[in-house]
$ cat upload_29.cif   # mmCIF, C-alpha atoms
data_query
loop_
_atom_site.label_atom_id
_atom_site.label_comp_id
_atom_site.auth_asym_id
_atom_site.auth_seq_id
_atom_site.Cartn_x
_atom_site.Cartn_y
_atom_site.Cartn_z
CA MET A 35 100.47 110.30 94.20
CA SER A 36 101.52 113.28 96.31
CA GLY A 37 103.32 112.25 99.47
CA TYR A 38 103.32 108.55 98.67
CA ILE A 39 106.55 106.68 99.47
CA LYS A 40 107.34 103.60 97.40
CA ARG A 41 107.29 100.31 99.28
CA TRP A 42 109.77 97.48 98.86
CA ALA A 43 107.02 94.85 98.79
CA ALA A 44 105.61 96.33 95.57
CA THR A 45 108.36 94.56 93.61
CA VAL A 46 107.22 91.24 95.07
CA LEU A 47 103.61 92.01 94.13
CA ALA A 48 104.63 92.74 90.53
CA ASP A 49 106.69 89.56 90.35
CA VAL A 50 103.89 87.40 91.77
CA LEU A 51 101.22 88.79 89.45
CA SER A 52 103.35 87.99 86.40
CA PHE A 53 102.52 84.29 86.87
CA GLN A 54 100.04 83.79 89.74
CA ARG A 55 96.26 84.08 89.40
CA THR A 56 95.74 85.83 92.73
CA ALA A 57 97.78 87.60 95.37
CA VAL A 58 97.04 88.56 98.98
CA VAL A 59 98.76 91.56 100.56
CA VAL A 60 98.59 91.20 104.35
CA GLY A 61 99.68 93.31 107.28
CA ALA A 62 98.40 95.25 110.27
CA ARG A 63 95.86 98.01 109.82
CA GLN A 64 97.47 101.30 108.78
CA CYS A 65 100.77 99.76 107.66
CA GLY A 66 100.12 100.97 104.10
CA LYS A 67 98.52 98.02 102.24
CA THR A 68 95.76 100.04 100.58
CA SER A 69 98.12 102.84 99.57
CA MET A 70 100.55 100.37 98.02
CA VAL A 71 98.00 98.54 95.91
CA ARG A 72 96.39 101.81 94.80
CA HIS A 73 99.70 103.40 93.78
CA GLU A 74 101.79 100.45 92.62
CA MET A 75 99.50 97.89 90.98
CA PRO A 76 101.46 96.53 87.99
CA VAL A 77 98.25 95.90 85.98
CA PRO A 78 95.03 97.89 85.46
CA ALA A 79 92.57 97.09 88.23
CA GLU A 80 89.24 98.01 89.76
CA TYR A 81 89.29 98.59 93.52
CA LEU A 82 86.53 97.67 95.99
CA THR A 83 86.77 97.84 99.77
CA LEU A 84 84.80 95.72 102.21
CA ASP A 85 85.12 98.57 104.72
CA ASP A 86 82.21 99.95 102.66
CA SER A 87 79.11 98.46 104.29
CA ASP A 88 77.22 98.29 100.98
CA TYR A 89 79.95 96.33 99.25
CA LEU A 90 80.33 94.10 102.30
CA GLN A 91 76.62 93.29 102.32
CA LEU A 92 76.72 92.54 98.60
CA ALA A 93 79.78 90.29 99.00
CA LYS A 94 78.03 88.30 101.72
CA THR A 95 74.59 88.01 100.11
CA ASP A 96 75.50 87.69 96.43
CA PRO A 97 79.21 86.80 96.09
CA VAL A 98 78.83 85.65 92.47
CA PHE A 99 77.45 89.01 91.38
CA PHE A 100 80.07 90.82 93.46
CA LEU A 101 82.94 89.01 91.74
CA ASN A 102 81.40 89.37 88.27
CA ARG A 103 81.60 93.15 88.50
CA VAL A 104 84.91 92.90 86.63
CA ALA A 105 84.57 90.69 83.54
CA ALA A 106 88.23 91.02 82.57
CA GLY A 107 91.31 92.49 84.16
CA CYS A 108 92.06 92.56 87.87
CA LEU A 109 89.77 93.14 90.86
CA VAL A 110 91.31 94.43 94.08
CA ILE A 111 89.30 93.49 97.19
CA ASP A 112 90.33 95.37 100.30
CA GLU A 113 89.91 93.73 103.77
CA ILE A 114 89.04 90.26 102.44
CA GLN A 115 88.87 88.79 105.96
CA LYS A 116 85.51 90.52 106.40
CA ALA A 117 83.90 88.23 103.82
CA PRO A 118 85.84 84.93 103.84
CA GLU A 119 82.94 83.32 101.94
CA LEU A 120 84.32 85.05 98.83
CA ILE A 121 87.40 82.81 98.92
CA SER A 122 85.63 79.66 97.75
CA ARG A 123 83.99 81.60 94.91
CA ILE A 124 87.33 83.07 93.85
CA LYS A 125 88.78 79.56 93.92
CA MET A 126 86.08 78.32 91.54
CA LYS A 127 86.62 81.22 89.13
CA VAL A 128 90.41 80.94 88.93
CA ASP A 129 90.23 77.16 88.62
CA ALA A 130 88.25 77.72 85.43
CA ASP A 131 90.61 80.42 84.14
CA ASN A 132 94.40 80.28 84.59
CA ARG A 133 95.15 83.86 83.52
CA PRO A 134 97.54 85.61 85.94
CA ALA A 135 96.61 88.73 87.91
CA GLN A 136 92.85 88.18 88.22
CA TYR A 137 92.43 89.12 91.89
CA VAL A 138 94.46 91.00 94.48
CA MET A 139 93.18 90.91 98.04
CA THR A 140 94.36 92.83 101.06
CA GLY A 141 93.81 91.79 104.64
CA SER A 142 94.55 93.08 108.12
CA ALA A 143 93.94 89.54 109.37
CA ASP A 144 95.00 86.21 107.89
CA TYR A 145 91.72 84.80 106.58
CA ARG A 146 93.19 81.27 106.70
CA ARG A 147 93.25 81.46 110.51
CA LEU A 148 89.68 82.67 110.98
CA PRO A 149 87.34 80.20 112.72
CA GLN A 150 84.93 80.42 109.75
CA ALA A 151 87.63 79.85 107.09
CA THR A 152 86.87 77.03 104.66
CA ASP A 153 89.33 77.56 101.78
CA SER A 154 92.89 78.84 101.60
CA LEU A 155 93.48 79.26 97.82
CA ALA A 156 96.54 77.04 98.24
CA GLY A 157 98.45 76.79 94.97
CA ARG A 158 96.43 79.63 93.48
CA THR A 159 97.77 82.61 95.41
CA ALA A 160 100.85 84.13 97.00
CA PHE A 161 100.87 85.95 100.34
CA ILE A 162 102.87 89.17 100.47
CA ARG A 163 103.61 90.51 103.94
CA LEU A 164 103.70 94.29 104.23
CA ARG A 165 105.24 95.52 107.46
CA GLY A 166 105.45 98.98 108.87
CA MET A 167 107.61 101.37 106.90
CA THR A 168 111.34 100.99 107.47
CA GLU A 169 113.68 103.91 107.89
CA ALA A 170 115.38 102.94 104.61
CA GLU A 171 112.03 103.07 102.78
CA MET A 172 111.32 106.48 104.32
CA ARG A 173 114.61 107.71 102.87
CA GLY A 174 114.00 106.13 99.46
CA LYS A 175 116.81 103.58 99.87
CA PRO A 176 116.84 100.06 98.41
CA PRO A 177 116.67 96.90 100.58
CA VAL A 178 120.37 96.00 100.51
CA PHE A 179 121.61 96.07 104.13
CA LEU A 180 121.44 92.32 104.81
CA LYS A 181 122.70 91.44 101.36
CA LYS A 182 125.76 93.63 101.87
CA MET A 183 126.40 92.20 105.32
CA PHE A 184 126.36 88.66 103.91
CA GLU A 185 128.93 89.80 101.37
CA ARG A 186 130.88 91.69 104.06
CA THR A 187 130.61 94.83 101.96
CA LEU A 188 130.90 97.18 104.92
CA PRO A 189 130.05 100.87 104.55
CA SER A 190 132.76 103.46 104.67
CA LEU A 191 132.48 106.40 107.04
CA GLY A 192 131.63 108.71 104.16
CA GLN A 193 128.50 106.66 103.50
CA LEU A 194 127.16 106.83 107.04
CA ASP A 195 124.96 109.40 108.73
CA ARG A 196 125.40 110.14 112.40
CA CYS A 197 122.82 108.18 114.40
CA SER A 198 123.11 108.65 118.17
CA LYS A 199 121.31 106.74 120.92
CA LYS A 200 118.80 109.60 121.18
CA GLU A 201 118.12 109.47 117.45
CA VAL A 202 117.64 105.69 117.48
CA PHE A 203 115.21 106.01 120.39
CA ASP A 204 113.30 108.72 118.50
CA LEU A 205 113.03 106.56 115.37
CA ALA A 206 111.80 103.59 117.39
CA ILE A 207 109.21 105.69 119.24
CA LYS A 208 107.74 106.92 115.93
CA GLY A 209 107.30 103.36 114.72
CA GLY A 210 106.48 102.29 111.18
CA TYR A 211 102.87 103.28 110.48
CA PRO A 212 103.14 105.96 107.75
CA LEU A 213 100.44 108.24 109.17
CA VAL A 214 101.57 107.98 112.80
CA ARG A 215 105.18 108.91 112.03
CA GLN A 216 104.02 112.43 111.14
CA LEU A 217 102.04 113.03 114.35
CA SER A 218 103.03 114.93 117.47
CA PRO A 219 103.57 112.87 120.66
CA GLN A 220 100.13 113.84 122.01
CA ALA A 221 98.39 113.07 118.71
CA ARG A 222 100.28 109.77 118.53
CA TRP A 223 98.97 108.79 121.98
CA ARG A 224 95.39 109.62 120.98
CA TYR A 225 95.79 107.73 117.72
CA PHE A 226 96.91 104.51 119.40
CA GLU A 227 94.20 104.82 122.06
CA SER A 228 91.61 104.78 119.29
CA TYR A 229 93.46 102.25 117.12
CA ILE A 230 93.72 99.67 119.89
CA GLU A 231 90.10 100.05 120.91
CA SER A 232 88.92 99.47 117.35
CA GLN A 233 91.31 96.53 116.90
CA ILE A 234 90.25 94.85 120.13
CA GLN A 235 86.58 95.72 120.33
CA HIS A 236 85.78 95.31 116.65
CA ASP A 237 88.17 93.03 114.77
CA LEU A 238 88.97 90.54 117.50
CA SER A 239 85.44 90.32 118.85
CA GLN A 240 83.92 90.09 115.36
CA ASN A 241 86.40 87.71 113.73
CA TRP A 242 87.25 85.48 116.70
CA ASN A 243 84.13 85.89 118.86
CA MET A 244 86.28 86.96 121.80
CA VAL A 245 84.44 88.45 124.75
CA ARG A 246 87.14 89.08 127.39
CA LEU A 247 88.12 92.44 125.92
CA GLY A 248 89.78 93.63 129.13
CA ALA A 249 92.02 90.57 129.16
CA LEU A 250 92.86 91.16 125.50
CA ARG A 251 93.98 94.71 126.16
CA GLU A 252 96.08 93.53 129.10
CA LEU A 253 97.58 90.82 126.92
CA LEU A 254 98.51 93.35 124.25
CA ARG A 255 100.12 95.48 126.96
CA TYR A 256 102.16 92.50 128.11
CA THR A 257 103.30 91.78 124.56
CA ALA A 258 104.84 95.26 124.71
CA ILE A 259 106.53 94.37 128.01
CA TYR A 260 107.81 91.03 126.68
CA SER A 261 108.70 92.19 123.17
CA SER A 262 112.17 90.87 122.21
CA LYS A 263 112.05 88.35 125.09
CA LEU A 264 111.50 84.59 125.10
CA LEU A 265 107.82 83.71 125.02
CA ASN A 266 106.60 82.53 128.44
CA ILE A 267 102.88 81.76 128.25
CA THR A 268 102.76 80.51 131.84
CA GLU A 269 104.08 83.80 133.23
CA ILE A 270 101.81 85.90 131.00
CA SER A 271 98.73 83.86 131.93
CA SER A 272 99.54 84.38 135.61
CA ARG A 273 99.88 88.13 135.16
CA ILE A 274 96.57 88.61 133.33
CA GLU A 275 94.78 85.91 135.36
CA ALA A 276 93.76 83.80 132.38
CA SER A 277 94.35 80.16 131.52
CA ARG A 278 97.27 79.07 129.37
CA GLN A 279 94.79 77.92 126.74
CA THR A 280 93.10 81.33 126.65
CA VAL A 281 96.42 83.17 126.43
CA ALA A 282 97.67 80.85 123.68
CA SER A 283 94.49 81.33 121.62
CA TYR A 284 94.56 85.12 122.09
CA LEU A 285 98.22 85.28 121.08
CA LYS A 286 97.42 83.34 117.91
CA ALA A 287 94.68 85.85 117.13
CA LEU A 288 97.03 88.82 117.69
CA GLU A 289 99.58 87.15 115.42
CA ALA A 290 96.93 86.49 112.76
CA MET A 291 96.16 90.23 112.87
CA TYR A 292 99.87 91.02 112.39
CA LEU A 293 100.10 92.90 115.69
CA ILE A 294 102.78 90.54 117.02
CA ASP A 295 105.25 87.99 115.65
CA SER A 296 106.57 84.80 117.17
CA LEU A 297 110.20 84.53 116.06
CA PRO A 298 111.34 80.89 115.99
CA ALA A 299 114.58 79.66 117.46
CA TRP A 300 117.33 78.74 115.00
CA LEU A 301 117.72 75.01 114.72
CA HIS A 302 119.73 72.83 112.38
CA SER A 303 119.97 69.08 112.09
CA ASP A 304 123.78 69.06 112.21
CA TYR A 305 124.08 71.60 115.03
CA ASP A 306 122.93 70.38 118.43
CA VAL A 307 123.20 73.25 120.87
CA GLY A 308 120.28 75.54 119.93
CA GLY A 309 117.17 76.18 122.02
CA LYS A 310 113.57 75.84 120.88
CA VAL A 311 111.61 78.64 122.59
CA PRO A 312 110.46 81.45 120.26
CA LYS A 313 110.84 85.16 120.94
CA LEU A 314 107.88 87.52 121.01
CA PHE A 315 107.95 90.77 119.04
CA MET A 316 105.48 93.59 118.57
CA ASN A 317 105.20 94.61 114.95
CA ASP A 318 105.21 98.32 115.61
CA THR A 319 107.46 100.10 118.08
CA GLY A 320 105.23 103.18 118.05
CA MET A 321 102.48 101.07 119.62
CA MET A 322 105.03 99.45 121.93
CA ALA A 323 106.15 102.90 123.15
CA TYR A 324 102.50 103.84 123.72
CA PHE A 325 102.00 100.89 126.05
CA HIS A 326 105.18 101.84 127.94
CA ASN A 327 104.00 105.48 128.18
CA ILE A 328 107.11 106.61 126.32
CA HIS A 329 106.45 109.74 124.24
CA SER A 330 109.98 110.91 123.41
CA SER A 331 113.59 109.87 123.81
CA ASP A 332 113.81 112.19 126.84
CA ASN A 333 111.51 109.79 128.74
CA LEU A 334 114.24 107.16 128.37
CA LEU A 335 117.40 109.26 128.57
CA SER A 336 116.32 110.84 131.87
CA ASN A 337 115.79 107.46 133.56
CA LEU A 338 118.74 105.04 133.61
CA GLU A 339 116.58 102.05 134.56
CA ALA A 340 114.04 102.72 131.80
CA MET A 341 116.83 103.36 129.29
CA ALA A 342 118.45 100.00 130.05
CA ASP A 343 115.24 97.95 130.18
CA ILE A 344 112.57 99.53 127.99
CA GLY A 345 115.09 101.28 125.75
CA GLY A 346 116.95 98.05 125.01
CA LYS A 347 113.77 96.12 124.21
CA LEU A 348 112.41 98.98 122.11
CA VAL A 349 115.55 99.22 119.97
CA GLU A 350 115.80 95.45 119.47
CA THR A 351 112.15 95.35 118.41
CA TRP A 352 112.74 98.27 116.05
CA VAL A 353 115.72 96.49 114.48
CA TYR A 354 113.62 93.34 114.09
CA ASN A 355 111.04 95.26 112.09
CA GLN A 356 113.74 96.85 109.91
CA ILE A 357 115.45 93.60 108.96
CA ALA A 358 112.35 91.36 108.84
CA ALA A 359 110.99 93.61 106.09
CA GLU A 360 114.07 92.88 103.97
CA VAL A 361 114.04 89.16 104.73
CA SER A 362 110.43 88.88 103.52
CA LEU A 363 111.50 90.12 100.08
CA ARG A 364 114.03 87.32 99.54
CA ALA A 365 112.87 83.89 98.43
CA GLY A 366 114.35 81.16 100.62
CA TRP A 367 115.60 83.49 103.39
CA ARG A 368 114.69 82.84 107.04
CA ILE A 369 115.01 84.88 110.22
CA SER A 370 115.22 83.40 113.71
CA HIS A 371 117.06 83.88 117.01
CA PHE A 372 119.69 81.73 118.72
CA ARG A 373 119.96 80.78 122.38
CA ASN A 374 121.37 77.67 124.04
CA GLY A 375 121.35 76.21 127.54
CA ASN A 376 124.63 77.93 128.41
CA ARG A 377 123.03 81.34 127.74
CA GLN A 378 124.98 82.00 124.60
CA GLU A 379 122.54 83.97 122.49
CA ILE A 380 122.39 85.95 119.28
CA ASP A 381 119.51 88.36 118.80
CA PHE A 382 118.87 87.54 115.14
CA MET A 383 120.06 84.78 112.86
CA ILE A 384 119.39 85.19 109.14
CA GLN A 385 119.99 82.35 106.71
CA ASP A 386 120.00 83.10 102.99
CA ASP A 387 119.14 80.88 100.03
CA GLN A 388 122.78 79.77 99.77
CA GLY A 389 122.89 78.49 103.36
CA ARG A 390 125.06 81.33 104.64
CA LEU A 391 124.39 82.66 108.13
CA LEU A 392 124.35 86.24 109.39
CA GLY A 393 124.19 86.81 113.14
CA ILE A 394 123.10 90.24 114.40
CA GLU A 395 123.50 91.52 117.95
CA VAL A 396 121.71 94.75 118.93
CA LYS A 397 123.27 97.29 121.29
CA SER A 398 121.67 100.65 122.08
CA SER A 399 124.96 102.10 123.35
CA GLU A 400 127.21 104.55 121.53
CA SER A 401 130.41 102.79 122.60
CA LEU A 402 131.75 99.25 122.32
CA ASN A 403 133.70 96.77 124.41
CA SER A 404 135.28 93.42 123.64
CA ASP A 405 132.36 91.45 125.15
CA ASP A 406 129.83 92.85 122.69
CA ALA A 407 130.81 90.30 120.04
CA LYS A 408 131.69 87.34 122.28
CA HIS A 409 128.62 85.26 121.38
CA LEU A 410 129.08 85.99 117.68
CA LYS A 411 132.73 84.90 117.86
CA TRP A 412 131.76 81.81 119.87
CA PHE A 413 129.28 80.84 117.16
CA ALA A 414 131.78 81.62 114.37
CA ASP A 415 134.23 79.12 115.90
CA ARG A 416 131.61 76.35 115.84
CA SER A 417 129.47 77.10 112.79
CA LYS A 418 129.39 74.53 110.02
CA HIS A 419 128.08 77.18 107.64
CA PRO A 420 129.70 80.38 106.29
CA PHE A 421 129.04 82.89 109.07
CA THR A 422 129.27 86.67 109.47
CA GLY A 423 128.57 88.45 112.75
CA ILE A 424 127.35 92.03 113.09
CA VAL A 425 126.96 94.19 116.21
CA LEU A 426 124.58 97.05 115.44
CA TYR A 427 125.19 100.03 117.74
CA ALA A 428 124.59 103.78 118.04
CA GLY A 429 128.13 104.82 117.11
CA ASN A 430 129.66 106.19 113.94
CA THR A 431 132.57 103.86 113.09
CA VAL A 432 132.90 100.41 111.57
CA THR A 433 135.09 98.12 113.69
CA SER A 434 136.38 94.57 113.23
CA PHE A 435 136.31 92.10 116.13
CA GLY A 436 138.03 89.40 114.07
CA LYS A 437 136.64 86.00 112.98
CA GLY A 438 134.31 87.67 110.49
CA CYS A 439 132.58 89.77 113.15
CA TYR A 440 132.13 93.54 112.92
CA ALA A 441 130.53 96.48 114.69
CA VAL A 442 128.34 98.53 112.33
CA PRO A 443 126.42 101.75 113.13
CA TYR A 444 122.64 101.79 112.88
CA SER A 445 122.84 104.23 109.98
CA ALA A 446 124.15 101.36 107.83
CA LEU A 447 120.53 100.15 107.72
CA TRP A 448 119.76 102.92 105.24
CA ALA A 449 123.18 103.60 103.70
CA ASP A 450 123.39 103.34 99.88
#
$ encode --input "upload_29.cif" --output "structure tokens"
Amino acid sequence: MSGYIKRWAATVLADVLSFQRTAVVVGARQCGKTSMVRHEMPVPAEYLTLDDSDYLQLAKTDPVFFLNRVAAGCLVIDEIQKAPELISRIKMKVDADNRPAQYVMTGSADYRRLPQATDSLAGRTAFIRLRGMTEAEMRGKPPVFLKKMFERTLPSLGQLDRCSKKEVFDLAIKGGYPLVRQLSPQARWRYFESYIESQIQHDLSQNWNMVRLGALRELLRYTAIYSSKLLNITEISSRIEASRQTVASYLKALEAMYLIDSLPAWLHSDYDVGGKVPKLFMNDTGMMAYFHNIHSSDNLLSNLEAMADIGGKLVETWVYNQIAAEVSLRAGWRISHFRNGNRQEIDFMIQDDQGRLLGIEVKSSESLNSDDAKHLKWFADRSKHPFTGIVLYAGNTVTSFGKGCYAVPYSALWAD
């Protein structure tokens, strides 16, 4: 247990296993799935990993025997996407036995999207998304930032740590993989060099039969360049000299491996001015910084152009990963972005289970001006739903812009 940091998603796992027969914990490699299920399983369980070649061979050649290793209780199967043929056998077993908490599977790829997938366990399982570790989790804080913003329970200055632009850049550059956060800049670079090679050369080629590995690496690099921007497949395909169809299929594979997210545009049937194009986000800003050759905040602060371009995208991507982790815990909550044809845009739009809306704008600056909240105030004037607007920035004071819109320091993300 030494050194383990509790994860928010463990509460969802415990809740799901109280009634559901199986659960699947999914997320990118090294985000902490295995550690979470080993440390925070709510029921006694036996653990087997398909990273072990012997167990993998057994699962593929004799899946019935493999699953019968545990006659009662719970079996945890790590990296289930390596043997998707187990899914149909698990389906047969849980259809004959409706006890909860029989199987927990982890996966660094969504087995439902694999070309060889035949069953999904629909109605028999719940998927639990584990993201990289948030700063609030690192500090042992509960997932309450968004909830408090919906309620307009703003932090007082005594509750807030100082969090400068430099400190925000440093947090984003470390990213959310628990192991990588502890590494030196040079060790971090070497780690991602190896991580990406294994992801591309092994997982993608094995699971999706992809052969253009050079194009895949270039595509992953361009997801770092485009992270937080509107998805433009035509432009990306031109840059890596691949067809739109190839780029689209590779992006789906990267998303199925939880390396990137496609954030949908916010749309509503009674609101007719929203766009439809999704935004692209990398799911770890440490990897994003690696592709931009950014090793420390000094690389950004010493270059005004890089600070404005790469720094802005890096911080917005970091914020996305902080708040998306909280959204995934709440049943009925959704996260999206807003942009219309008149270029009014809001970085993130969160809708809760009561229909309330929370708009979040991300600024990497330490100071504010009246224009920082103009799109939030524009939306507040027109929204047909209860709306709160937040500008997250690298300052240390809470400020009201009026119309239910406020400026809140980044440190509010982990305030009690």
$ residues_around --input "upload_29.cif" --residues "A:Met183" --least-positions-apart "5" --cutoff "10 Å" --atoms "all atoms listed in the file" --output "CSV table (one decimal) with C-alpha atoms, keeping the file's coordinate frame"
chain,number,residue,atom,x,y,z
A,178,VAL,CA,120.4,96.0,100.5
A,188,LEU,CA,130.9,97.2,104.9
A,189,PRO,CA,130.0,100.9,104.6
A,392,LEU,CA,124.4,86.2,109.4
A,393,GLY,CA,124.2,86.8,113.1
A,394,ILE,CA,123.1,90.2,114.4
A,422,THR,CA,129.3,86.7,109.5
A,423,GLY,CA,128.6,88.4,112.8
A,424,ILE,CA,127.4,92.0,113.1
A,440,TYR,CA,132.1,93.5,112.9
A,442,VAL,CA,128.3,98.5,112.3
A,446,ALA,CA,124.2,101.4,107.8
$ resolve_selection --input "upload_29.cif" --expression "the PyMOL selection byres ((chain A and resi 364) around 12)" --output "list in words"
Trp42, Ala43, Thr45, Val46, Asp49, Ile162, Arg163, Pro177, Val178, Leu180, Lys181, Ile357, Ala358, Ala359, Glu360, Val361, Ser362, Leu363, Ala365, Gly366, Trp367, Arg368, Ile369, Ile384, Gln385, Asp386, Asp387 and Gln388 of chain A
$ write_last_selection --input "upload_29.cif" --atoms "C-alpha atoms" --output "PDB file, in the coordinates of the input"
ATOM      1  CA  TRP A  42     109.770  97.480  98.860  1.00  0.00           C
ATOM      2  CA  ALA A  43     107.020  94.850  98.790  1.00  0.00           C
ATOM      3  CA  THR A  45     108.360  94.560  93.610  1.00  0.00           C
ATOM      4  CA  VAL A  46     107.220  91.240  95.070  1.00  0.00           C
ATOM      5  CA  ASP A  49     106.690  89.560  90.350  1.00  0.00           C
ATOM      6  CA  ILE A 162     102.870  89.170 100.470  1.00  0.00           C
ATOM      7  CA  ARG A 163     103.610  90.510 103.940  1.00  0.00           C
ATOM      8  CA  PRO A 177     116.670  96.900 100.580  1.00  0.00           C
ATOM      9  CA  VAL A 178     120.370  96.000 100.510  1.00  0.00           C
ATOM     10  CA  LEU A 180     121.440  92.320 104.810  1.00  0.00           C
ATOM     11  CA  LYS A 181     122.700  91.440 101.360  1.00  0.00           C
ATOM     12  CA  ILE A 357     115.450  93.600 108.960  1.00  0.00           C
ATOM     13  CA  ALA A 358     112.350  91.360 108.840  1.00  0.00           C
ATOM     14  CA  ALA A 359     110.990  93.610 106.090  1.00  0.00           C
ATOM     15  CA  GLU A 360     114.070  92.880 103.970  1.00  0.00           C
ATOM     16  CA  VAL A 361     114.040  89.160 104.730  1.00  0.00           C
ATOM     17  CA  SER A 362     110.430  88.880 103.520  1.00  0.00           C
ATOM     18  CA  LEU A 363     111.500  90.120 100.080  1.00  0.00           C
ATOM     19  CA  ALA A 365     112.870  83.890  98.430  1.00  0.00           C
ATOM     20  CA  GLY A 366     114.350  81.160 100.620  1.00  0.00           C
ATOM     21  CA  TRP A 367     115.600  83.490 103.390  1.00  0.00           C
ATOM     22  CA  ARG A 368     114.690  82.840 107.040  1.00  0.00           C
ATOM     23  CA  ILE A 369     115.010  84.880 110.220  1.00  0.00           C
ATOM     24  CA  ILE A 384     119.390  85.190 109.140  1.00  0.00           C
ATOM     25  CA  GLN A 385     119.990  82.350 106.710  1.00  0.00           C
ATOM     26  CA  ASP A 386     120.000  83.100 102.990  1.00  0.00           C
ATOM     27  CA  ASP A 387     119.140  80.880 100.030  1.00  0.00           C
ATOM     28  CA  GLN A 388     122.780  79.770  99.770  1.00  0.00           C
TER      29      GLN A 388
END
$ residues_near_point --input "upload_29.cif" --point "(99.9, 99.2, 98.2)" --cutoff "12 Å" --atoms "all atoms listed in the file" --output "MDAnalysis selection string"
chainID A and resid 35 38:48 58:61 64:76 81 110 112 138:141 162:165 167
$ closest_residue --input "upload_29.cif" --among "A:Thr257, A:Ser331, A:Ser122, A:Asn266" --to "A:Gly345" --atoms "only C-alpha atoms"
A:Ser331
$ residues_around --input "upload_29.cif" --residues "A:Ala143" --least-positions-apart "4" --cutoff "10 Å" --atoms "all atoms listed in the file" --output "short mmCIF file (atom, residue, chain, number, x, y, z; two decimals) with C-alpha atoms, keeping the file's coordinate frame"
data_model
loop_
_atom_site.label_atom_id
_atom_site.label_comp_id
_atom_site.auth_asym_id
_atom_site.auth_seq_id
_atom_site.Cartn_x
_atom_site.Cartn_y
_atom_site.Cartn_z
CA VAL A 60 98.59 91.20 104.35
CA GLY A 61 99.68 93.31 107.28
CA ALA A 62 98.40 95.25 110.27
CA ARG A 63 95.86 98.01 109.82
CA GLU A 113 89.91 93.73 103.77
CA ILE A 114 89.04 90.26 102.44
CA GLN A 115 88.87 88.79 105.96
CA LYS A 116 85.51 90.52 106.40
CA ARG A 147 93.25 81.46 110.51
CA LEU A 148 89.68 82.67 110.98
CA ASP A 237 88.17 93.03 114.77
CA LEU A 238 88.97 90.54 117.50
CA ASN A 241 86.40 87.71 113.73
CA ALA A 287 94.68 85.85 117.13
CA LEU A 288 97.03 88.82 117.69
CA GLU A 289 99.58 87.15 115.42
CA ALA A 290 96.93 86.49 112.76
CA MET A 291 96.16 90.23 112.87
CA TYR A 292 99.87 91.02 112.39
CA LEU A 293 100.10 92.90 115.69
#
$ residues_around --input "upload_29.cif" --residues "A:Ala276" --least-positions-apart "6" --cutoff "12 Å" --atoms "all atoms listed in the file" --output "MDAnalysis selection string"
chainID A and resid 246 248:250 252:253 267:270 282:284
$ resolve_selection --input "upload_29.cif" --expression "the PyMOL selection byres ((chain A and resi 56) around 10)" --output "mmCIF file with C-alpha atoms, keeping the file's coordinate frame"
data_model
loop_
_atom_site.group_PDB
_atom_site.id
_atom_site.type_symbol
_atom_site.label_atom_id
_atom_site.label_comp_id
_atom_site.auth_asym_id
_atom_site.auth_seq_id
_atom_site.Cartn_x
_atom_site.Cartn_y
_atom_site.Cartn_z
ATOM 1 C CA VAL A 50 103.890 87.400 91.770
ATOM 2 C CA LEU A 51 101.220 88.790 89.450
ATOM 3 C CA PHE A 53 102.520 84.290 86.870
ATOM 4 C CA GLN A 54 100.040 83.790 89.740
ATOM 5 C CA ARG A 55 96.260 84.080 89.400
ATOM 6 C CA ALA A 57 97.780 87.600 95.370
ATOM 7 C CA VAL A 58 97.040 88.560 98.980
ATOM 8 C CA CYS A 108 92.060 92.560 87.870
ATOM 9 C CA LEU A 109 89.770 93.140 90.860
ATOM 10 C CA VAL A 110 91.310 94.430 94.080
ATOM 11 C CA ILE A 124 87.330 83.070 93.850
ATOM 12 C CA LYS A 125 88.780 79.560 93.920
ATOM 13 C CA VAL A 128 90.410 80.940 88.930
ATOM 14 C CA ASN A 132 94.400 80.280 84.590
ATOM 15 C CA ARG A 133 95.150 83.860 83.520
ATOM 16 C CA PRO A 134 97.540 85.610 85.940
ATOM 17 C CA ALA A 135 96.610 88.730 87.910
ATOM 18 C CA GLN A 136 92.850 88.180 88.220
ATOM 19 C CA TYR A 137 92.430 89.120 91.890
ATOM 20 C CA VAL A 138 94.460 91.000 94.480
ATOM 21 C CA MET A 139 93.180 90.910 98.040
ATOM 22 C CA LEU A 155 93.480 79.260 97.820
ATOM 23 C CA GLY A 157 98.450 76.790 94.970
ATOM 24 C CA ARG A 158 96.430 79.630 93.480
ATOM 25 C CA THR A 159 97.770 82.610 95.410
ATOM 26 C CA ALA A 160 100.850 84.130 97.000
ATOM 27 C CA PHE A 161 100.870 85.950 100.340
#
$ residues_around --input "upload_29.cif" --residues "A:Ser218" --least-positions-apart "2" --cutoff "12 Å" --atoms "only C-alpha atoms" --output "PyMOL selection string"
chain A and resi 207-208+213-216+220-225+320+329-330
$ residues_around --input "upload_29.cif" --residues "stretch 332-342 of chain A" --least-positions-apart "4" --cutoff "12 Å" --atoms "all atoms listed in the file" --output "list in words"
Ser198, Lys199, Lys200, Glu201, Val202, Phe203, Asp204, Ala206, Ile207, Pro219, Ile259, Ala323, Tyr324, His326, Asn327, Ile328, Gly346, Lys347, Leu348, Val349, Glu350, Lys397, Ser398 and Ser399 of chain A
$ closest_residue --input "upload_29.cif" --among "A:His371, A:Arg416, A:Arg278, A:Arg186" --to "A:Ser262" --atoms "all atoms listed in the file"
A:His371
$ closest_residue --input "upload_29.cif" --among "A:Pro118, A:Val104, A:Tyr211, A:Asp85" --to "A:Thr319" --atoms "all atoms listed in the file"
A:Tyr211
